[in-house]
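Asks: There's a structure below that I have some questions on.
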Amino acid sequence: MVDSRHDRPGQGAAPIPVWEGGHLPEVPGIGTDRTVVLHTRVVTASGGGPDKTILLSAPFLSHTRYFLAAAYMRPPGDPGFATLLERARRYGCPIIGVDDGGPLDRRPLQKLLEICKRLNVAIWHGHDYKSNLFGLLLRPFWPMKLVTTVHGWVHNTSRTPLYYAIDRWSLPFYHHVICVSDDLVGRIRGVGVPEDRISLVHNAIDERTFKRSGPPGQAPMRQRLGTPPERLVYGAVGRLSPEKAFNNLIRAGAALLERGVDLEVWIAGEGDSRGDLQRMIDRLGLASRIRLLGFVEDTIGLYEAMDCFVLSSIREGLPNVVLEAAAMEVPLVATRVAGIPAMLHDGEQALLCPIGDVEALTGAMGRLADDAALRDQLAAAGRGLIERDYSFTRRMQKVKAIYDKLLSHGPETAPAGLSTEVEGEGA
């Protein structure tokens, strides 16, 4: 929630514009002295980690020459989009919902062109294969610089090979490609993007917002869910889909319960795999100890209730949830997926496991169950890592420098404008 004691982004802001018909609404705050950056992305339901980064970027650029807006292609009538609207309101980021009927629907392209012209967009900032392709298709009709952030290709569907082929074709034509993890830099080089157009800019966290206020056992969310203060809570947050491998987390939790460890496993998120995961939990007879929480609005309250955060993924980029958990001083167990080993050192900021190895995952979770001192050590080290290397202020300074270079702007004399306080919000 917005803290009324401070002047926070979104407080007293004009209504967030949303595309609901044939005419683009007025977008408040855009003046002739502002350079408009339009972030574009395809979303369903309440979005994911990239959307937190996109929307939070607006207040961190609010005192610079740049004005950030977001145009999201979404399924018509998707009720989950309301969550993104509320998040955008809190952050003070104008957001325009563009109905997208699928691959054969040409209307999103036409609407996005109108948006670019109406807002006088100077930088198109894409975030997925479709927004990257659309940026290329629109640029002949509207002159703008093309930037994209590559978050990692992780969500496999029957159309995934086609989508990735489109991205591989599009990226070499972009003026700049931002990678969120070290492993992605090599992959982007491999598709033909020149070295001078690639930047490594890690995902980051506003460490002032994500900050623990009390011990896990006293967290209000435990009280609401009836979890005793002495019981260990292993938590996970993410889309319920195969690449997250929550089935492995469930197996590990079940194995530890069988050994007599007093624990619960909480998994927050929605997705297509929810039915399969719930049936697995029911077959094991563990519905009272392994819970699918669905969408959780109070992310900070969720992390405060955890004794340990577990990333069981078999495919990832550099997930925001790991950064959030570390900032909240939650000890980490994670697979050695994608950018994780470059960020976290085994035994220092986390316990790392081979990808897909349920026995190793179980062992790491059990080790933390037996060693409170190790939990405290990992929690403190994770928080220190965020403060040192993954500050959102530093991230936005790097992004702003990329925009400046593309538009041949010199540095501004008000770097303090990149520091903005924002209250926490949902997963």
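Please note that chains go A, B, ... in the order of the structure tokens, that every chain numbers its residues from 1, and that ligands are numbered from 1 in the order shown.
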At a cut-off of 10 Å, using only C-alpha atoms, what residues contact Leu318 of chain A? Leave out same-chain residues fewer than 6 positions from it and give the result as a PDB file with N, CA and C atoms, in the first residue's frame.

Replies:
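Saved the output as around.pdb:
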ATOM      1  N   GLY A  49       7.577 -11.379 -13.255  1.00  0.00           N
ATOM      2  CA  GLY A  49       8.693 -10.598 -12.755  1.00  0.00           C
ATOM      3  C   GLY A  49       9.084  -9.419 -13.622  1.00  0.00           C
ATOM      4  N   HIS A 151      14.933 -11.458 -21.153  1.00  0.00           N
ATOM      5  CA  HIS A 151      14.736 -12.007 -19.814  1.00  0.00           C
ATOM      6  C   HIS A 151      15.014 -13.507 -19.753  1.00  0.00           C
ATOM      7  N   GLY A 152      15.254 -14.118 -20.901  1.00  0.00           N
ATOM      8  CA  GLY A 152      15.489 -15.564 -20.928  1.00  0.00           C
ATOM      9  C   GLY A 152      14.326 -16.273 -21.583  1.00  0.00           C
ATOM     10  N   CYS A 179      20.727  -7.641 -21.438  1.00  0.00           N
ATOM     11  CA  CYS A 179      20.621  -9.009 -20.911  1.00  0.00           C
ATOM     12  C   CYS A 179      20.576  -8.955 -19.390  1.00  0.00           C
ATOM     13  N   VAL A 180      19.717  -9.772 -18.780  1.00  0.00           N
ATOM     14  CA  VAL A 180      19.571  -9.716 -17.328  1.00  0.00           C
ATOM     15  C   VAL A 180      20.480 -10.696 -16.603  1.00  0.00           C
ATOM     16  N   SER A 181      21.175 -11.570 -17.335  1.00  0.00           N
ATOM     17  CA  SER A 181      22.089 -12.509 -16.687  1.00  0.00           C
ATOM     18  C   SER A 181      23.272 -12.795 -17.603  1.00  0.00           C
ATOM     19  N   ASP A 182      24.361 -13.235 -16.999  1.00  0.00           N
ATOM     20  CA  ASP A 182      25.608 -13.440 -17.738  1.00  0.00           C
ATOM     21  C   ASP A 182      25.455 -14.455 -18.867  1.00  0.00           C
ATOM     22  N   ASP A 183      24.718 -15.548 -18.619  1.00  0.00           N
ATOM     23  CA  ASP A 183      24.595 -16.592 -19.637  1.00  0.00           C
ATOM     24  C   ASP A 183      23.877 -16.086 -20.882  1.00  0.00           C
ATOM     25  N   LEU A 184      22.969 -15.112 -20.705  1.00  0.00           N
ATOM     26  CA  LEU A 184      22.233 -14.585 -21.850  1.00  0.00           C
ATOM     27  C   LEU A 184      23.124 -13.749 -22.764  1.00  0.00           C
ATOM     28  N   HIS A 202      21.749  -6.512 -14.671  1.00  0.00           N
ATOM     29  CA  HIS A 202      21.020  -7.496 -13.874  1.00  0.00           C
ATOM     30  C   HIS A 202      19.668  -6.948 -13.412  1.00  0.00           C
ATOM     31  N   ASN A 203      18.732  -7.852 -13.207  1.00  0.00           N
ATOM     32  CA  ASN A 203      17.522  -7.475 -12.492  1.00  0.00           C
ATOM     33  C   ASN A 203      17.920  -6.935 -11.121  1.00  0.00           C
ATOM     34  N   ALA A 204      17.050  -6.172 -10.506  1.00  0.00           N
ATOM     35  CA  ALA A 204      17.409  -5.534  -9.247  1.00  0.00           C
ATOM     36  C   ALA A 204      16.166  -5.354  -8.385  1.00  0.00           C
ATOM     37  N   VAL A 337      20.647 -22.929 -12.113  1.00  0.00           N
ATOM     38  CA  VAL A 337      20.014 -22.646 -13.383  1.00  0.00           C
ATOM     39  C   VAL A 337      20.446 -21.271 -13.884  1.00  0.00           C
ATOM     40  N   ALA A 338      20.765 -21.193 -15.175  1.00  0.00           N
ATOM     41  CA  ALA A 338      21.027 -19.923 -15.874  1.00  0.00           C
ATOM     42  C   ALA A 338      21.965 -19.017 -15.085  1.00  0.00           C
ATOM     43  N   GLY A 339      21.490 -17.819 -14.702  1.00  0.00           N
ATOM     44  CA  GLY A 339      22.343 -16.831 -14.059  1.00  0.00           C
ATOM     45  C   GLY A 339      22.537 -17.020 -12.569  1.00  0.00           C
ATOM     46  N   ILE A 340      21.912 -18.027 -11.976  1.00  0.00           N
ATOM     47  CA  ILE A 340      21.997 -18.201 -10.523  1.00  0.00           C
ATOM     48  C   ILE A 340      23.434 -18.440 -10.035  1.00  0.00           C
ATOM     49  N   ALA A 342      26.225 -17.503 -11.172  1.00  0.00           N
ATOM     50  CA  ALA A 342      27.038 -16.288 -11.277  1.00  0.00           C
ATOM     51  C   ALA A 342      26.668 -15.281 -10.198  1.00  0.00           C
ATOM     52  N   MET A 343      25.444 -15.357  -9.702  1.00  0.00           N
ATOM     53  CA  MET A 343      24.989 -14.420  -8.679  1.00  0.00           C
ATOM     54  C   MET A 343      25.252 -14.935  -7.270  1.00  0.00           C
TER      55      MET A 343
END

Asks: For Gly271 of chain A, which residue out of A:Glu243, A:Asp100, A:Asp298, A:Glu258 is the nearest one, using only C-alpha atoms?

Replies: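 Among A:Glu243, A:Asp100, A:Asp298, A:Glu258, it is A:Glu243 that comes nearest to Gly271 of chain A.
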
Asks: Please return as a ChimeraX atom specification: the residues of segment 49-145 of chain A that backbone DSSP assigns to strand (DSSP E).

Replies: /A:66-74,95-99,121-126,145

Asks: Store the residues of this selection in a file with N, CA and C atoms, as a PDB file, in the first residue's frame.

Replies:
ATOM      1  N   TYR A  66      13.466  11.555 -19.026  1.00  0.00           N
ATOM      2  CA  TYR A  66      12.689  10.475 -19.635  1.00  0.00           C
ATOM      3  C   TYR A  66      11.326  10.315 -18.970  1.00  0.00           C
ATOM      4  N   PHE A  67      10.331  10.084 -19.823  1.00  0.00           N
ATOM      5  CA  PHE A  67       8.976   9.770 -19.363  1.00  0.00           C
ATOM      6  C   PHE A  67       8.659   8.354 -19.823  1.00  0.00           C
ATOM      7  N   LEU A  68       8.391   7.477 -18.874  1.00  0.00           N
ATOM      8  CA  LEU A  68       8.163   6.064 -19.200  1.00  0.00           C
ATOM      9  C   LEU A  68       6.673   5.745 -19.188  1.00  0.00           C
ATOM     10  N   ALA A  69       6.216   5.060 -20.224  1.00  0.00           N
ATOM     11  CA  ALA A  69       4.857   4.523 -20.296  1.00  0.00           C
ATOM     12  C   ALA A  69       4.936   3.069 -20.739  1.00  0.00           C
ATOM     13  N   ALA A  70       3.887   2.310 -20.478  1.00  0.00           N
ATOM     14  CA  ALA A  70       3.856   0.894 -20.844  1.00  0.00           C
ATOM     15  C   ALA A  70       2.643   0.616 -21.708  1.00  0.00           C
ATOM     16  N   ALA A  71       2.838  -0.132 -22.787  1.00  0.00           N
ATOM     17  CA  ALA A  71       1.739  -0.596 -23.638  1.00  0.00           C
ATOM     18  C   ALA A  71       1.763  -2.120 -23.613  1.00  0.00           C
ATOM     19  N   TYR A  72       0.740  -2.711 -23.065  1.00  0.00           N
ATOM     20  CA  TYR A  72       0.688  -4.155 -22.870  1.00  0.00           C
ATOM     21  C   TYR A  72      -0.366  -4.779 -23.779  1.00  0.00           C
ATOM     22  N   MET A  73       0.071  -5.703 -24.616  1.00  0.00           N
ATOM     23  CA  MET A  73      -0.864  -6.502 -25.403  1.00  0.00           C
ATOM     24  C   MET A  73      -1.394  -7.610 -24.505  1.00  0.00           C
ATOM     25  N   ARG A  74      -2.740  -7.696 -24.423  1.00  0.00           N
ATOM     26  CA  ARG A  74      -3.354  -8.654 -23.500  1.00  0.00           C
ATOM     27  C   ARG A  74      -4.593  -9.276 -24.141  1.00  0.00           C
ATOM     28  N   ILE A  95      -0.177   3.147 -18.156  1.00  0.00           N
ATOM     29  CA  ILE A  95      -0.234   1.829 -18.788  1.00  0.00           C
ATOM     30  C   ILE A  95      -1.414   1.804 -19.749  1.00  0.00           C
ATOM     31  N   ILE A  96      -1.171   1.301 -20.938  1.00  0.00           N
ATOM     32  CA  ILE A  96      -2.195   1.250 -21.979  1.00  0.00           C
ATOM     33  C   ILE A  96      -2.413  -0.204 -22.342  1.00  0.00           C
ATOM     34  N   GLY A  97      -3.603  -0.703 -22.093  1.00  0.00           N
ATOM     35  CA  GLY A  97      -3.934  -2.079 -22.458  1.00  0.00           C
ATOM     36  C   GLY A  97      -4.380  -2.149 -23.899  1.00  0.00           C
ATOM     37  N   VAL A  98      -3.749  -3.006 -24.676  1.00  0.00           N
ATOM     38  CA  VAL A  98      -4.075  -3.165 -26.099  1.00  0.00           C
ATOM     39  C   VAL A  98      -4.616  -4.576 -26.307  1.00  0.00           C
ATOM     40  N   ASP A  99      -5.888  -4.672 -26.669  1.00  0.00           N
ATOM     41  CA  ASP A  99      -6.495  -5.985 -26.902  1.00  0.00           C
ATOM     42  C   ASP A  99      -5.777  -6.700 -28.043  1.00  0.00           C
ATOM     43  N   VAL A 121       6.848   8.839 -29.259  1.00  0.00           N
ATOM     44  CA  VAL A 121       7.784   7.892 -28.654  1.00  0.00           C
ATOM     45  C   VAL A 121       9.163   8.023 -29.298  1.00  0.00           C
ATOM     46  N   ALA A 122      10.179   8.143 -28.462  1.00  0.00           N
ATOM     47  CA  ALA A 122      11.560   8.240 -28.944  1.00  0.00           C
ATOM     48  C   ALA A 122      12.292   6.913 -28.838  1.00  0.00           C
ATOM     49  N   ILE A 123      11.921   6.099 -27.828  1.00  0.00           N
ATOM     50  CA  ILE A 123      12.562   4.800 -27.614  1.00  0.00           C
ATOM     51  C   ILE A 123      11.489   3.744 -27.419  1.00  0.00           C
ATOM     52  N   TRP A 124      11.531   2.733 -28.246  1.00  0.00           N
ATOM     53  CA  TRP A 124      10.674   1.549 -28.101  1.00  0.00           C
ATOM     54  C   TRP A 124      11.486   0.523 -27.322  1.00  0.00           C
ATOM     55  N   HIS A 125      10.959   0.080 -26.178  1.00  0.00           N
ATOM     56  CA  HIS A 125      11.688  -0.873 -25.330  1.00  0.00           C
ATOM     57  C   HIS A 125      10.855  -2.154 -25.227  1.00  0.00           C
ATOM     58  N   GLY A 126      11.239  -3.163 -26.015  1.00  0.00           N
ATOM     59  CA  GLY A 126      10.511  -4.429 -26.037  1.00  0.00           C
ATOM     60  C   GLY A 126      10.976  -5.387 -24.959  1.00  0.00           C
ATOM     61  N   LYS A 145      14.312   4.782 -31.646  1.00  0.00           N
ATOM     62  CA  LYS A 145      15.367   3.853 -31.314  1.00  0.00           C
ATOM     63  C   LYS A 145      14.743   2.582 -30.725  1.00  0.00           C
TER      64      LYS A 145
END

Asks: For Cys353 of chain A, work out the shell of residues within 10 Å, counting only C-alpha atoms and skipping chain neighbours fewer than 6 positions away, then give it as a tab-separated table (two decimals) with N, CA and C atoms, in the first residue's frame.

Replies:
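Resulting contents of out.tsv:
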chain	number	residue	atom	x	y	z
A	311	LEU	N	14.12	-22.17	-4.95
A	311	LEU	CA	13.97	-22.06	-6.40
A	311	LEU	C	14.30	-23.42	-6.99
A	312	SER	N	13.28	-24.11	-7.48
A	312	SER	CA	13.47	-25.48	-8.00
A	312	SER	C	13.54	-25.53	-9.52
A	333	VAL	N	17.68	-21.68	-1.13
A	333	VAL	CA	18.09	-22.92	-1.78
A	333	VAL	C	17.70	-22.76	-3.25
A	334	ALA	N	18.62	-23.05	-4.17
A	334	ALA	CA	18.32	-22.83	-5.58
A	334	ALA	C	19.05	-23.84	-6.45
A	335	THR	N	18.45	-24.15	-7.58
A	335	THR	CA	19.14	-24.95	-8.58
A	335	THR	C	20.18	-24.09	-9.30
A	336	ARG	N	21.15	-24.75	-9.91
A	336	ARG	CA	22.20	-24.03	-10.63
A	336	ARG	C	21.72	-23.68	-12.04
A	337	VAL	N	20.65	-22.93	-12.11
A	337	VAL	CA	20.01	-22.65	-13.38
A	337	VAL	C	20.45	-21.27	-13.88
A	341	PRO	N	24.21	-19.37	-10.63
A	341	PRO	CA	25.57	-19.60	-10.10
A	341	PRO	C	26.48	-18.37	-10.20
A	346	ASP	N	27.71	-21.01	-3.72
A	346	ASP	CA	27.25	-22.11	-2.88
A	346	ASP	C	27.90	-22.03	-1.51
A	359	GLU	N	16.92	-35.38	-5.01
A	359	GLU	CA	17.64	-35.82	-3.82
A	359	GLU	C	18.54	-34.70	-3.28
A	360	ALA	N	19.22	-33.98	-4.18
A	360	ALA	CA	20.07	-32.87	-3.75
A	360	ALA	C	19.23	-31.73	-3.19
A	361	LEU	N	18.09	-31.47	-3.81
A	361	LEU	CA	17.20	-30.42	-3.33
A	361	LEU	C	16.71	-30.77	-1.92
A	362	THR	N	16.33	-32.03	-1.73
A	362	THR	CA	15.88	-32.49	-0.42
A	362	THR	C	16.99	-32.33	0.61
A	363	GLY	N	18.22	-32.69	0.22
A	363	GLY	CA	19.34	-32.59	1.14
A	363	GLY	C	19.63	-31.16	1.57
A	364	ALA	N	19.57	-30.22	0.61
A	364	ALA	CA	19.83	-28.83	0.93
A	364	ALA	C	18.74	-28.27	1.85

Asks: In Å to one decimal, how far is atom CA of Leu323 of chain A from atom CA of Leu61 of chain A?

Replies: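 According to the coordinates, atom CA of Leu61 of chain A and atom CA of Leu323 of chain A are separated by 21.1 Å.
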
Asks: Which residues are near Ala287 of chain A? Cut-off 12 Å, only C-alpha atoms, ignore same chain within fewer than 5 positions. Put them as a PyMOL selection string.

Replies: chain A and resi 250+253-254+264-266+277-282+292-293

Asks: To one decimal place in Å, what is the distance between atom CA of Leu137 of chain A and atom CA of Lys400 of chain A?

Replies: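 About the pair atom CA of Leu137 of chain A and atom CA of Lys400 of chain A: they are 24.8 Å apart.
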
Asks: Would you list the contacts of Arg212 of chain A as a PyMOL selection string, taking every protein, DNA or RNA residue within 7 Å and counting only C-alpha atoms, but skipping same-chain residues closer than 6 positions in sequence?

Replies: chain A and resi 304+328-329

Asks: So that I can check the surroundings of Ser241 of chain A, please list as number ranges by chain every protein, DNA and RNA residue that reaches within 8 Å of it, counting only C-alpha atoms and ignoring chain neighbours fewer than 3 positions away.

Replies: A: 155, 244-245, 271-274

Asks: Mind dumping the selected residues with N, CA and C atoms as a compact mmCIF listing (two decimals), in the first residue's frame?

Replies:
# COMPACT_ATOMS: atom_id res chain seq x y z
N HIS A 155 9.68 -20.45 -21.16
CA HIS A 155 8.33 -21.01 -21.13
C HIS A 155 8.06 -21.79 -22.40
N LYS A 244 9.26 -24.30 -13.84
CA LYS A 244 9.51 -23.98 -12.43
C LYS A 244 9.76 -25.24 -11.59
N ALA A 245 9.37 -26.40 -12.12
CA ALA A 245 9.62 -27.70 -11.46
C ALA A 245 9.13 -27.70 -10.01
N GLY A 271 -1.18 -20.58 -12.70
CA GLY A 271 -0.67 -21.10 -13.95
C GLY A 271 -1.35 -22.39 -14.36
N ASP A 272 -1.01 -22.85 -15.57
CA ASP A 272 -1.67 -24.01 -16.16
C ASP A 272 -1.41 -25.30 -15.40
N SER A 273 -0.32 -25.36 -14.63
CA SER A 273 0.02 -26.60 -13.94
C SER A 273 -0.64 -26.74 -12.58
N ARG A 274 -1.49 -25.80 -12.22
CA ARG A 274 -2.06 -25.85 -10.88
C ARG A 274 -2.82 -27.15 -10.61

Asks: Smallest atom-to-atom distance to Ile355 of chain A: which of A:Ala325, A:Lys211, A:Asn248, A:Asp276, using only C-alpha atoms?

Replies: A:Asn248

Asks: Can you pull out every residue within 10 Å of Gly80 of chain A, counting only C-alpha atoms, but drop anything in the same chain fewer than 5 positions away, and send it as a list of chain:residue names?

Replies: A:Val43, A:Thr44, A:Ala45, A:Ser46, A:Gly47, A:Arg74, A:Pro75, A:Leu85

Asks: The selected residues should be written to file as a PDB file, in the first residue's frame (atoms: N, CA and C atoms).

Replies:
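The file below, part_8.pdb, is the result:
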ATOM      1  N   VAL A  43       1.185  -9.792 -22.173  1.00  0.00           N
ATOM      2  CA  VAL A  43       0.913 -10.303 -20.837  1.00  0.00           C
ATOM      3  C   VAL A  43      -0.399 -11.078 -20.821  1.00  0.00           C
ATOM      4  N   THR A  44      -0.484 -11.999 -19.908  1.00  0.00           N
ATOM      5  CA  THR A  44      -1.750 -12.633 -19.543  1.00  0.00           C
ATOM      6  C   THR A  44      -1.871 -12.575 -18.037  1.00  0.00           C
ATOM      7  N   ALA A  45      -3.097 -12.503 -17.559  1.00  0.00           N
ATOM      8  CA  ALA A  45      -3.376 -12.449 -16.122  1.00  0.00           C
ATOM      9  C   ALA A  45      -2.608 -11.296 -15.487  1.00  0.00           C
ATOM     10  N   SER A  46      -1.939 -11.547 -14.360  1.00  0.00           N
ATOM     11  CA  SER A  46      -1.299 -10.468 -13.606  1.00  0.00           C
ATOM     12  C   SER A  46       0.150 -10.257 -13.984  1.00  0.00           C
ATOM     13  N   GLY A  47       0.625 -10.910 -15.063  1.00  0.00           N
ATOM     14  CA  GLY A  47       1.997 -10.709 -15.509  1.00  0.00           C
ATOM     15  C   GLY A  47       2.987 -11.494 -14.675  1.00  0.00           C
ATOM     16  N   ARG A  74      -2.740  -7.696 -24.423  1.00  0.00           N
ATOM     17  CA  ARG A  74      -3.354  -8.654 -23.500  1.00  0.00           C
ATOM     18  C   ARG A  74      -4.593  -9.276 -24.141  1.00  0.00           C
ATOM     19  N   PRO A  75      -4.979 -10.483 -23.750  1.00  0.00           N
ATOM     20  CA  PRO A  75      -6.197 -11.081 -24.285  1.00  0.00           C
ATOM     21  C   PRO A  75      -7.407 -10.213 -23.951  1.00  0.00           C
ATOM     22  N   LEU A  85      -3.035  -3.057 -13.590  1.00  0.00           N
ATOM     23  CA  LEU A  85      -3.505  -1.678 -13.512  1.00  0.00           C
ATOM     24  C   LEU A  85      -3.292  -1.103 -12.114  1.00  0.00           C
TER      25      LEU A  85
END

Asks: Work out how far apart atom CA of Arg106 of chain A and atom CA of Phe134 of chain A are and give it in Å to one decimal.

Replies: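 Atom CA of Arg106 of chain A sits 10.7 Å away from atom CA of Phe134 of chain A.
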
Asks: Here is a test: counting only C-alpha atoms, which residue of A:Ala372, A:Ala219, A:Leu133, A:Val150 is nearest to Gly186 of chain A?

Replies: A:Val150
